[in-house]
Every structure is written in C-alpha cells, then in structure tokens.
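Colleague: Contents of entry26.txt (compact mmCIF, N, CA and C atoms) are below:
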# COMPACT_ATOMS: atom_id res chain seq x y z
N MET Z 30 -0.22 -19.65 -19.90
CA MET Z 30 -0.69 -18.94 -18.73
C MET Z 30 -0.78 -17.46 -19.06
N ILE Z 31 -1.78 -16.80 -18.49
CA ILE Z 31 -1.90 -15.35 -18.59
C ILE Z 31 -2.20 -14.79 -17.20
N ILE Z 32 -1.89 -13.53 -17.04
CA ILE Z 32 -2.19 -12.82 -15.79
C ILE Z 32 -3.06 -11.63 -16.17
N VAL Z 33 -4.17 -11.48 -15.49
CA VAL Z 33 -5.09 -10.39 -15.76
C VAL Z 33 -5.10 -9.45 -14.57
N LEU Z 34 -4.90 -8.16 -14.83
CA LEU Z 34 -4.95 -7.13 -13.79
C LEU Z 34 -6.20 -6.29 -14.01
N ILE Z 35 -6.95 -6.09 -12.95
CA ILE Z 35 -8.11 -5.20 -13.01
C ILE Z 35 -7.94 -4.20 -11.88
N ASN Z 36 -7.88 -2.93 -12.25
CA ASN Z 36 -7.71 -1.85 -11.27
C ASN Z 36 -9.08 -1.26 -10.96
N TRP Z 37 -9.51 -1.46 -9.72
CA TRP Z 37 -10.77 -0.90 -9.23
C TRP Z 37 -10.44 0.37 -8.46
N ARG Z 38 -11.13 1.47 -8.76
CA ARG Z 38 -10.97 2.72 -8.02
C ARG Z 38 -12.27 2.96 -7.27
N VAL Z 39 -12.20 2.89 -5.94
CA VAL Z 39 -13.39 2.83 -5.10
C VAL Z 39 -13.51 4.11 -4.27
N ILE Z 40 -14.74 4.61 -4.18
CA ILE Z 40 -15.02 5.76 -3.32
C ILE Z 40 -14.69 5.35 -1.89
N PRO Z 41 -13.87 6.12 -1.17
CA PRO Z 41 -13.40 5.70 0.16
C PRO Z 41 -14.50 5.24 1.11
N GLU Z 42 -15.62 5.94 1.16
CA GLU Z 42 -16.69 5.58 2.09
C GLU Z 42 -17.39 4.28 1.68
N LYS Z 43 -17.15 3.83 0.45
CA LYS Z 43 -17.86 2.65 -0.05
C LYS Z 43 -16.97 1.42 -0.15
N VAL Z 44 -15.78 1.47 0.46
CA VAL Z 44 -14.87 0.33 0.43
C VAL Z 44 -15.52 -0.93 1.02
N PRO Z 45 -16.19 -0.86 2.19
CA PRO Z 45 -16.82 -2.09 2.72
C PRO Z 45 -17.85 -2.69 1.75
N GLU Z 46 -18.61 -1.84 1.10
CA GLU Z 46 -19.61 -2.30 0.13
C GLU Z 46 -18.92 -2.99 -1.06
N PHE Z 47 -17.84 -2.40 -1.55
CA PHE Z 47 -17.08 -3.01 -2.65
C PHE Z 47 -16.51 -4.36 -2.24
N LEU Z 48 -15.89 -4.42 -1.06
CA LEU Z 48 -15.29 -5.68 -0.61
C LEU Z 48 -16.34 -6.78 -0.46
N GLU Z 49 -17.52 -6.43 0.04
CA GLU Z 49 -18.60 -7.41 0.14
C GLU Z 49 -19.03 -7.87 -1.25
N PHE Z 50 -19.13 -6.94 -2.19
CA PHE Z 50 -19.48 -7.29 -3.57
C PHE Z 50 -18.44 -8.25 -4.15
N TRP Z 51 -17.15 -7.93 -3.99
CA TRP Z 51 -16.11 -8.78 -4.56
C TRP Z 51 -16.13 -10.17 -3.93
N ARG Z 52 -16.30 -10.22 -2.62
CA ARG Z 52 -16.26 -11.51 -1.91
C ARG Z 52 -17.46 -12.40 -2.21
N SER Z 53 -18.65 -11.81 -2.27
CA SER Z 53 -19.83 -12.67 -2.32
C SER Z 53 -20.68 -12.57 -3.59
N THR Z 54 -20.68 -11.44 -4.24
CA THR Z 54 -21.54 -11.27 -5.41
C THR Z 54 -20.82 -11.54 -6.71
N LEU Z 55 -19.57 -11.16 -6.80
CA LEU Z 55 -18.79 -11.30 -8.02
C LEU Z 55 -18.29 -12.74 -8.13
N LYS Z 56 -19.19 -13.63 -8.51
CA LYS Z 56 -18.87 -15.06 -8.58
C LYS Z 56 -18.50 -15.45 -10.00
N LEU Z 57 -17.69 -16.48 -10.11
CA LEU Z 57 -17.35 -17.04 -11.40
C LEU Z 57 -18.11 -18.35 -11.54
N GLU Z 58 -19.10 -18.37 -12.41
CA GLU Z 58 -19.90 -19.58 -12.62
C GLU Z 58 -19.06 -20.69 -13.24
N ASN Z 59 -18.15 -20.31 -14.12
CA ASN Z 59 -17.30 -21.28 -14.79
C ASN Z 59 -15.86 -20.84 -14.60
N ALA Z 60 -15.22 -21.38 -13.58
CA ALA Z 60 -13.85 -20.97 -13.28
C ALA Z 60 -12.83 -21.95 -13.85
N THR Z 61 -13.21 -22.68 -14.90
CA THR Z 61 -12.26 -23.58 -15.54
C THR Z 61 -11.04 -22.79 -15.99
N GLY Z 62 -9.88 -23.24 -15.61
CA GLY Z 62 -8.65 -22.56 -16.02
C GLY Z 62 -8.17 -21.51 -15.04
N LEU Z 63 -8.94 -21.22 -13.99
CA LEU Z 63 -8.49 -20.25 -12.99
C LEU Z 63 -7.46 -20.90 -12.08
N VAL Z 64 -6.28 -20.32 -12.04
CA VAL Z 64 -5.23 -20.80 -11.13
C VAL Z 64 -5.42 -20.14 -9.77
N GLY Z 65 -5.65 -18.84 -9.77
CA GLY Z 65 -5.85 -18.11 -8.54
C GLY Z 65 -6.21 -16.67 -8.84
N GLU Z 66 -6.86 -16.04 -7.89
CA GLU Z 66 -7.28 -14.66 -8.05
C GLU Z 66 -7.06 -13.96 -6.72
N PHE Z 67 -6.44 -12.79 -6.76
CA PHE Z 67 -6.07 -12.09 -5.54
C PHE Z 67 -6.48 -10.62 -5.64
N LEU Z 68 -7.37 -10.19 -4.75
CA LEU Z 68 -7.74 -8.79 -4.68
C LEU Z 68 -6.84 -8.13 -3.65
N SER Z 69 -6.14 -7.10 -4.05
CA SER Z 69 -5.17 -6.46 -3.17
C SER Z 69 -5.38 -4.95 -3.15
N LYS Z 70 -5.26 -4.37 -1.97
CA LYS Z 70 -5.32 -2.91 -1.84
C LYS Z 70 -3.97 -2.35 -2.26
N VAL Z 71 -3.99 -1.28 -3.04
CA VAL Z 71 -2.76 -0.63 -3.47
C VAL Z 71 -2.25 0.24 -2.33
N GLU Z 72 -1.04 -0.01 -1.92
CA GLU Z 72 -0.42 0.75 -0.83
C GLU Z 72 0.59 1.74 -1.41
N GLY Z 73 0.83 2.82 -0.71
CA GLY Z 73 1.77 3.84 -1.16
C GLY Z 73 3.04 3.84 -0.33
N THR Z 74 3.81 4.89 -0.48
CA THR Z 74 5.09 4.97 0.22
C THR Z 74 4.92 5.11 1.73
N ASP Z 75 3.73 5.51 2.18
CA ASP Z 75 3.50 5.55 3.63
C ASP Z 75 3.42 4.14 4.21
N PHE Z 76 3.16 3.15 3.37
CA PHE Z 76 3.11 1.74 3.79
C PHE Z 76 4.48 1.08 3.65
N TYR Z 77 5.14 1.38 2.54
CA TYR Z 77 6.45 0.80 2.25
C TYR Z 77 7.26 1.81 1.47
N LYS Z 78 8.34 2.29 2.06
CA LYS Z 78 9.11 3.41 1.50
C LYS Z 78 9.71 3.13 0.12
N LYS Z 79 9.83 1.87 -0.25
CA LYS Z 79 10.47 1.54 -1.53
C LYS Z 79 9.49 1.46 -2.70
N VAL Z 80 8.24 1.89 -2.49
CA VAL Z 80 7.26 1.93 -3.58
C VAL Z 80 7.71 2.98 -4.59
N THR Z 81 7.82 2.58 -5.86
CA THR Z 81 8.24 3.51 -6.91
C THR Z 81 7.23 3.60 -8.05
N TRP Z 82 6.17 2.82 -7.98
CA TRP Z 82 5.18 2.81 -9.05
C TRP Z 82 3.83 3.20 -8.48
N GLN Z 83 3.37 4.37 -8.84
CA GLN Z 83 2.05 4.82 -8.42
C GLN Z 83 1.03 4.29 -9.41
N ILE Z 84 0.07 3.54 -8.95
CA ILE Z 84 -0.94 2.94 -9.83
C ILE Z 84 -1.82 4.01 -10.46
N GLU Z 85 -2.18 5.01 -9.68
CA GLU Z 85 -3.04 6.07 -10.21
C GLU Z 85 -2.25 7.05 -11.07
N PRO Z 86 -2.86 7.53 -12.17
CA PRO Z 86 -2.16 8.52 -13.00
C PRO Z 86 -2.04 9.84 -12.26
N SER Z 87 -1.14 10.68 -12.74
CA SER Z 87 -0.99 12.00 -12.14
C SER Z 87 -2.27 12.80 -12.34
N GLN Z 88 -2.42 13.87 -11.61
CA GLN Z 88 -3.64 14.68 -11.66
C GLN Z 88 -3.96 15.19 -13.07
N ASN Z 89 -2.94 15.39 -13.90
CA ASN Z 89 -3.16 15.94 -15.23
C ASN Z 89 -3.34 14.87 -16.31
N GLU Z 90 -3.28 13.63 -15.92
CA GLU Z 90 -3.31 12.54 -16.87
C GLU Z 90 -4.70 11.97 -17.05
N GLY Z 91 -5.07 11.64 -18.27
CA GLY Z 91 -6.29 10.90 -18.53
C GLY Z 91 -7.57 11.73 -18.52
N ASP Z 92 -8.58 11.18 -19.15
CA ASP Z 92 -9.90 11.79 -19.21
C ASP Z 92 -10.66 11.45 -17.93
N LYS Z 93 -10.96 12.46 -17.15
CA LYS Z 93 -11.66 12.23 -15.89
C LYS Z 93 -13.12 12.68 -15.96
N SER Z 94 -13.62 12.85 -17.17
CA SER Z 94 -14.99 13.35 -17.31
C SER Z 94 -16.04 12.37 -16.77
N PHE Z 95 -15.71 11.08 -16.69
CA PHE Z 95 -16.66 10.09 -16.18
C PHE Z 95 -16.50 9.84 -14.69
N TRP Z 96 -15.45 10.35 -14.09
CA TRP Z 96 -15.17 10.06 -12.69
C TRP Z 96 -16.28 10.60 -11.79
N LYS Z 97 -16.63 9.86 -10.78
CA LYS Z 97 -17.56 10.33 -9.76
C LYS Z 97 -16.82 11.09 -8.67
N SER Z 98 -15.54 10.73 -8.47
CA SER Z 98 -14.75 11.34 -7.41
C SER Z 98 -13.27 11.19 -7.75
N GLU Z 99 -12.48 12.22 -7.47
CA GLU Z 99 -11.03 12.10 -7.67
C GLU Z 99 -10.37 11.46 -6.45
N SER Z 100 -11.12 11.36 -5.37
CA SER Z 100 -10.63 10.69 -4.18
C SER Z 100 -11.05 9.23 -4.28
N CYS Z 101 -10.07 8.33 -4.21
CA CYS Z 101 -10.42 6.92 -4.33
C CYS Z 101 -9.39 6.05 -3.62
N VAL Z 102 -9.81 4.83 -3.33
CA VAL Z 102 -8.93 3.80 -2.81
C VAL Z 102 -8.77 2.80 -3.95
N SER Z 103 -7.53 2.53 -4.33
CA SER Z 103 -7.29 1.61 -5.45
C SER Z 103 -7.09 0.19 -4.96
N PHE Z 104 -7.69 -0.72 -5.72
CA PHE Z 104 -7.49 -2.15 -5.53
C PHE Z 104 -7.09 -2.72 -6.87
N VAL Z 105 -6.24 -3.73 -6.86
CA VAL Z 105 -5.89 -4.44 -8.08
C VAL Z 105 -6.22 -5.91 -7.87
N ASN Z 106 -7.03 -6.42 -8.78
CA ASN Z 106 -7.35 -7.84 -8.80
C ASN Z 106 -6.34 -8.49 -9.74
N VAL Z 107 -5.59 -9.45 -9.24
CA VAL Z 107 -4.62 -10.18 -10.06
C VAL Z 107 -5.17 -11.58 -10.25
N GLY Z 108 -5.50 -11.91 -11.49
CA GLY Z 108 -6.01 -13.24 -11.81
C GLY Z 108 -4.98 -13.99 -12.63
N ILE Z 109 -4.74 -15.22 -12.26
CA ILE Z 109 -3.82 -16.08 -13.01
C ILE Z 109 -4.69 -17.16 -13.65
N TRP Z 110 -4.63 -17.25 -14.95
CA TRP Z 110 -5.46 -18.17 -15.73
C TRP Z 110 -4.58 -19.04 -16.61
N GLU Z 111 -5.05 -20.24 -16.89
CA GLU Z 111 -4.32 -21.13 -17.77
C GLU Z 111 -4.24 -20.57 -19.19
N THR Z 112 -5.38 -20.03 -19.70
CA THR Z 112 -5.39 -19.47 -21.06
C THR Z 112 -6.27 -18.23 -21.11
N LEU Z 113 -6.06 -17.42 -22.12
CA LEU Z 113 -6.92 -16.26 -22.35
C LEU Z 113 -8.34 -16.71 -22.65
N ALA Z 114 -8.49 -17.82 -23.36
CA ALA Z 114 -9.83 -18.35 -23.66
C ALA Z 114 -10.58 -18.71 -22.38
N ASP Z 115 -9.89 -19.29 -21.40
CA ASP Z 115 -10.52 -19.62 -20.12
C ASP Z 115 -11.01 -18.36 -19.42
N PHE Z 116 -10.15 -17.34 -19.38
CA PHE Z 116 -10.54 -16.07 -18.76
C PHE Z 116 -11.73 -15.46 -19.48
N ASP Z 117 -11.66 -15.43 -20.80
CA ASP Z 117 -12.71 -14.80 -21.59
C ASP Z 117 -14.04 -15.53 -21.42
N ALA Z 118 -14.01 -16.86 -21.34
CA ALA Z 118 -15.24 -17.63 -21.15
C ALA Z 118 -15.87 -17.35 -19.78
N ALA Z 119 -15.04 -17.20 -18.76
CA ALA Z 119 -15.54 -17.01 -17.39
C ALA Z 119 -15.92 -15.56 -17.09
N VAL Z 120 -15.13 -14.62 -17.59
CA VAL Z 120 -15.29 -13.23 -17.19
C VAL Z 120 -15.75 -12.33 -18.34
N GLY Z 121 -15.34 -12.64 -19.55
CA GLY Z 121 -15.63 -11.80 -20.71
C GLY Z 121 -17.09 -11.38 -20.85
N PRO Z 122 -18.05 -12.31 -20.71
CA PRO Z 122 -19.45 -11.91 -20.86
C PRO Z 122 -19.92 -10.91 -19.81
N LYS Z 123 -19.23 -10.81 -18.68
CA LYS Z 123 -19.63 -9.89 -17.61
C LYS Z 123 -18.98 -8.52 -17.74
N MET Z 124 -18.04 -8.37 -18.67
CA MET Z 124 -17.33 -7.10 -18.81
C MET Z 124 -18.16 -6.08 -19.55
N ASN Z 125 -18.25 -4.91 -18.99
CA ASN Z 125 -18.92 -3.80 -19.64
C ASN Z 125 -17.83 -2.82 -20.06
N LEU Z 126 -17.73 -2.55 -21.34
CA LEU Z 126 -16.67 -1.69 -21.85
C LEU Z 126 -17.06 -0.22 -21.93
N ASP Z 127 -18.29 0.11 -21.57
CA ASP Z 127 -18.74 1.49 -21.58
C ASP Z 127 -18.09 2.24 -20.42
N PRO Z 128 -17.27 3.27 -20.70
CA PRO Z 128 -16.59 3.97 -19.60
C PRO Z 128 -17.54 4.70 -18.66
N GLN Z 129 -18.78 4.90 -19.09
CA GLN Z 129 -19.73 5.56 -18.20
C GLN Z 129 -20.39 4.58 -17.24
N PHE Z 130 -20.25 3.26 -17.51
CA PHE Z 130 -20.82 2.27 -16.61
C PHE Z 130 -19.91 2.07 -15.41
N MET Z 131 -20.43 2.35 -14.25
CA MET Z 131 -19.70 2.10 -13.01
C MET Z 131 -20.71 1.66 -11.96
N ASN Z 132 -20.28 0.79 -11.08
CA ASN Z 132 -21.12 0.44 -9.95
C ASN Z 132 -21.13 1.62 -8.98
N GLU Z 133 -22.08 1.60 -8.05
CA GLU Z 133 -22.26 2.74 -7.15
C GLU Z 133 -21.05 3.03 -6.28
N TYR Z 134 -20.19 2.04 -6.05
CA TYR Z 134 -19.02 2.24 -5.19
C TYR Z 134 -17.78 2.67 -5.97
N GLU Z 135 -17.84 2.70 -7.29
CA GLU Z 135 -16.66 3.02 -8.09
C GLU Z 135 -16.52 4.54 -8.25
N ALA Z 136 -15.31 5.03 -8.01
CA ALA Z 136 -15.01 6.45 -8.19
C ALA Z 136 -14.68 6.76 -9.64
N ALA Z 137 -14.18 5.76 -10.36
CA ALA Z 137 -13.75 5.94 -11.75
C ALA Z 137 -13.88 4.61 -12.47
N PRO Z 138 -13.93 4.65 -13.80
CA PRO Z 138 -14.01 3.39 -14.54
C PRO Z 138 -12.83 2.48 -14.22
N ARG Z 139 -13.10 1.19 -14.14
CA ARG Z 139 -11.99 0.26 -13.86
C ARG Z 139 -11.13 0.10 -15.11
N ARG Z 140 -9.89 -0.28 -14.87
CA ARG Z 140 -8.93 -0.48 -15.96
C ARG Z 140 -8.47 -1.93 -15.93
N ARG Z 141 -8.17 -2.46 -17.12
CA ARG Z 141 -7.76 -3.86 -17.24
C ARG Z 141 -6.50 -3.98 -18.07
N ALA Z 142 -5.70 -4.97 -17.74
CA ALA Z 142 -4.51 -5.31 -18.54
C ALA Z 142 -4.35 -6.82 -18.53
N VAL Z 143 -3.91 -7.35 -19.65
CA VAL Z 143 -3.62 -8.78 -19.74
C VAL Z 143 -2.12 -8.91 -19.98
N LEU Z 144 -1.48 -9.72 -19.15
CA LEU Z 144 -0.03 -9.92 -19.23
C LEU Z 144 0.26 -11.34 -19.70
N SER Z 145 1.20 -11.46 -20.60
CA SER Z 145 1.65 -12.78 -21.07
C SER Z 145 3.04 -13.03 -20.53
N PRO Z 146 3.18 -13.91 -19.55
CA PRO Z 146 4.49 -14.16 -18.97
C PRO Z 146 5.50 -14.61 -20.02
N GLU Z 147 6.66 -14.02 -19.97
CA GLU Z 147 7.76 -14.37 -20.88
C GLU Z 147 8.70 -15.38 -20.23
N ALA Z 148 8.81 -15.31 -18.95
CA ALA Z 148 9.68 -16.23 -18.20
C ALA Z 148 9.17 -16.23 -16.76
N TRP Z 149 9.50 -17.25 -16.00
CA TRP Z 149 9.09 -17.29 -14.59
C TRP Z 149 9.99 -18.21 -13.80
N ARG Z 150 9.91 -18.04 -12.51
CA ARG Z 150 10.58 -18.96 -11.60
C ARG Z 150 9.59 -19.30 -10.50
N VAL Z 151 9.73 -20.45 -9.96
CA VAL Z 151 8.86 -20.87 -8.87
C VAL Z 151 9.70 -21.05 -7.62
N GLY Z 152 9.08 -20.78 -6.51
CA GLY Z 152 9.76 -20.93 -5.22
C GLY Z 152 9.25 -22.16 -4.50
N ALA Z 153 9.64 -22.28 -3.26
CA ALA Z 153 9.25 -23.43 -2.45
C ALA Z 153 7.82 -23.31 -1.94
N SER Z 154 7.30 -22.10 -1.88
CA SER Z 154 5.93 -21.90 -1.39
C SER Z 154 4.93 -22.15 -2.52
N HIS Z 155 3.67 -22.33 -2.12
CA HIS Z 155 2.62 -22.63 -3.07
C HIS Z 155 1.48 -21.64 -2.92
N LEU Z 156 0.65 -21.56 -3.96
CA LEU Z 156 -0.56 -20.75 -3.88
C LEU Z 156 -1.46 -21.34 -2.79
N PRO Z 157 -2.28 -20.50 -2.18
CA PRO Z 157 -3.24 -21.03 -1.18
C PRO Z 157 -4.13 -22.10 -1.84
N ARG Z 158 -4.53 -23.08 -1.06
CA ARG Z 158 -5.37 -24.17 -1.57
C ARG Z 158 -6.86 -23.93 -1.39
N VAL Z 159 -7.22 -22.95 -0.55
CA VAL Z 159 -8.63 -22.63 -0.32
C VAL Z 159 -8.82 -21.13 -0.45
N SER Z 160 -10.05 -20.72 -0.76
CA SER Z 160 -10.39 -19.31 -0.85
C SER Z 160 -10.36 -18.68 0.54
N SER Z 161 -10.12 -17.37 0.59
CA SER Z 161 -10.12 -16.69 1.88
C SER Z 161 -11.54 -16.65 2.46
N ASP Z 162 -11.63 -16.41 3.75
CA ASP Z 162 -12.91 -16.41 4.44
C ASP Z 162 -13.90 -15.46 3.77
N GLY Z 163 -15.10 -15.92 3.56
CA GLY Z 163 -16.18 -15.09 3.03
C GLY Z 163 -16.18 -14.95 1.53
N VAL Z 164 -15.25 -15.56 0.81
CA VAL Z 164 -15.20 -15.42 -0.65
C VAL Z 164 -15.91 -16.59 -1.29
N SER Z 165 -16.90 -16.28 -2.12
CA SER Z 165 -17.62 -17.30 -2.86
C SER Z 165 -16.81 -17.73 -4.06
N ALA Z 166 -16.90 -18.98 -4.40
CA ALA Z 166 -16.18 -19.52 -5.55
C ALA Z 166 -16.74 -19.02 -6.85
Take the structure in this file and express it as structure tokens.

Modeller:
Amino acid sequence: MIIVLINWRVIPEKVPEFLEFWRSTLKLENATGLVGEFLSKVEGTDFYKKVTWQIEPSQNEGDKSFWKSESCVSFVNVGIWETLADFDAAVGPKMNLDPQFMNEYEAAPRRRAVLSPEAWRVGASHLPRVSSDGVSA
C-alpha cells in the first residue's frame, strides 16, 4: 500500500471552479488499485487550536517565481493505492512536472509526496463505500 499526497494551492476566488474540476473533470480512467481518495481543505489554528503543522511554507521559504498569487487556499488530496505501479498507471501519465504549468485556478505549482506506510492499525469504522455527491469515478 502507498499513500499519495497532492497539495493544491488555489486562488481564493477560484475555489468553486477548482472543486468542480476535481469532482467532475479530474477522472481516473483506470482506477485499478485505488483504495480511496479524499480531497480535504487545509484548516489552520482558527479551525482547531491544536494544529501544529502549517502546510504552506513560511514567507521566506521556497522559490515563488512561478506563483500567480501568494494568497491561496490549500487543499490536500490523499490517495490510498494498493501499489505505486497502480497509482503511476492511473495518474502518472496526467502529471505535468513543469513548475510553470498551472491550471487557471492554481495560485502556485502543486506539490506531491508518496508515503510508504511502515505500520498501521485499523479501527472499527470503514472507508466510505460510495463516492461523495457530484464526484465522477
């Protein structure tokens, strides 16, 4: 199993456009090996006081020469896949690695990380069995 994180930085006024893109346009033609995928808005300490990890780098960190805007709303897509090969077959061909390539709603280039679980525990609850309303498979 692998977990893939994709950090989308969206221009605030274009959040509805991004959400519509994620729900209906960003389809996986071959989702073999996909366990689940969750798009989540990154919340700060104003949402939950115990937040200690800021997803966005500090103002002095990183090359911002490609950024369209320093003001952004962050989303993290968490994908759980059976194998890296499954993820790469479904999503890899759609990835653009050029940092200057951004969709019109992106404030900054998206960032990706692949996590290899070292250990895990399961609880009594289960992953949802159906996609959320308006999300294309």

Colleague: Got a sec: who's within 8 Å of Cys101 in chain Z, counting all atoms listed in the file, leaving out chain neighbours fewer than 5 positions off, as a PyMOL selection string?

Modeller: chain Z and resi 37-42+135-137

Colleague: Env of Ser69 in chain Z: 5 Å cut, atoms = only N, CA and C atoms, seq-sep filter 4 positions within chain, self excluded. Answer as a list in words.

Modeller: Phe104, Val105 and Asn106 of chain Z

Colleague: Would you work out the distance separating atom C of Val80 in chain Z from CA of Met30 in chain Z, expressed in Å to one decimal?

Modeller: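 Taking atom C of Val80 in chain Z as the start and CA of Met30 in chain Z as the end point, the length is 27.4 Å.
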
Colleague: According to DSSP computed on the backbone, where in chain Z is there helix (DSSP H, G or I)? Give the residues as a ChimeraX atom specification.

Modeller: /Z:41-54,113-123

Colleague: Rank nothing, just name the residue among Z:Trp96, Z:Ser103, Z:Ile35, Z:Val120 nearest to Glu58 in chain Z, using all atoms listed in the file.

Modeller: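 Checking each candidate against Glu58 in chain Z, we get Z:Val120 as the closest.
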
Colleague: Have a look at atom C of Ile31 in chain Z and atom N of Tyr77 in chain Z and let me know their distance in Å, one decimal.

Modeller: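 Distance reported for this atom pair: 26.6 Å.
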
Colleague: Between Z:His155, Z:Lys79, Z:Lys43, Z:Lys97, which is the closest to Pro128 in chain Z once you count only C-alpha atoms?

Modeller: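 Closest candidate: Z:Lys97.
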
Colleague: Return the single residue from Z:Ile32, Z:Leu68, Z:Leu113, Z:Met131 that is closest to Ser160 in chain Z, with distances computed using only C-alpha atoms.

Modeller: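 Closest residue, counting only C-alpha atoms: Z:Leu68.
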
Colleague: Which distance in Å separates atom C of Lys70 in chain Z and CA of Trp82 in chain Z, to one decimal?

Modeller: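 Calculated distance between atom C of Lys70 in chain Z and CA of Trp82 in chain Z is 12.5 Å.
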
Colleague: Please return, as a ChimeraX atom specification, all residues of chain Z that DSSP assigns to strand (DSSP E) on the basis of the backbone.

Modeller: /Z:31-39,63-70,102-110,135-144

Colleague: Measuring between only C-alpha atoms, which one of Z:Ile109, Z:Val164, Z:Phe47, Z:Arg140 shows the shortest distance to Asn125 in chain Z?

Modeller: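 That would be Z:Arg140, the residue with the smallest distance to Asn125 in chain Z.
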
Colleague: Given the choices Z:Lys93, Z:Gly108, Z:Phe116, Z:Trp149, which gets closest to Glu66 in chain Z if the distance is worked out from only N, CA and C atoms?

Modeller: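 Comparing Z:Lys93, Z:Gly108, Z:Phe116, Z:Trp149 against Glu66 in chain Z, the winner is Z:Gly108.
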
Colleague: Report as an MDAnalysis selection string all protein, DNA and RNA residues lying within 7 Å of Leu63 in chain Z, evaluated on only C-alpha atoms, omitting residues in the same chain fewer than 3 positions from it.

Modeller: chainID Z and resid 60 109:111
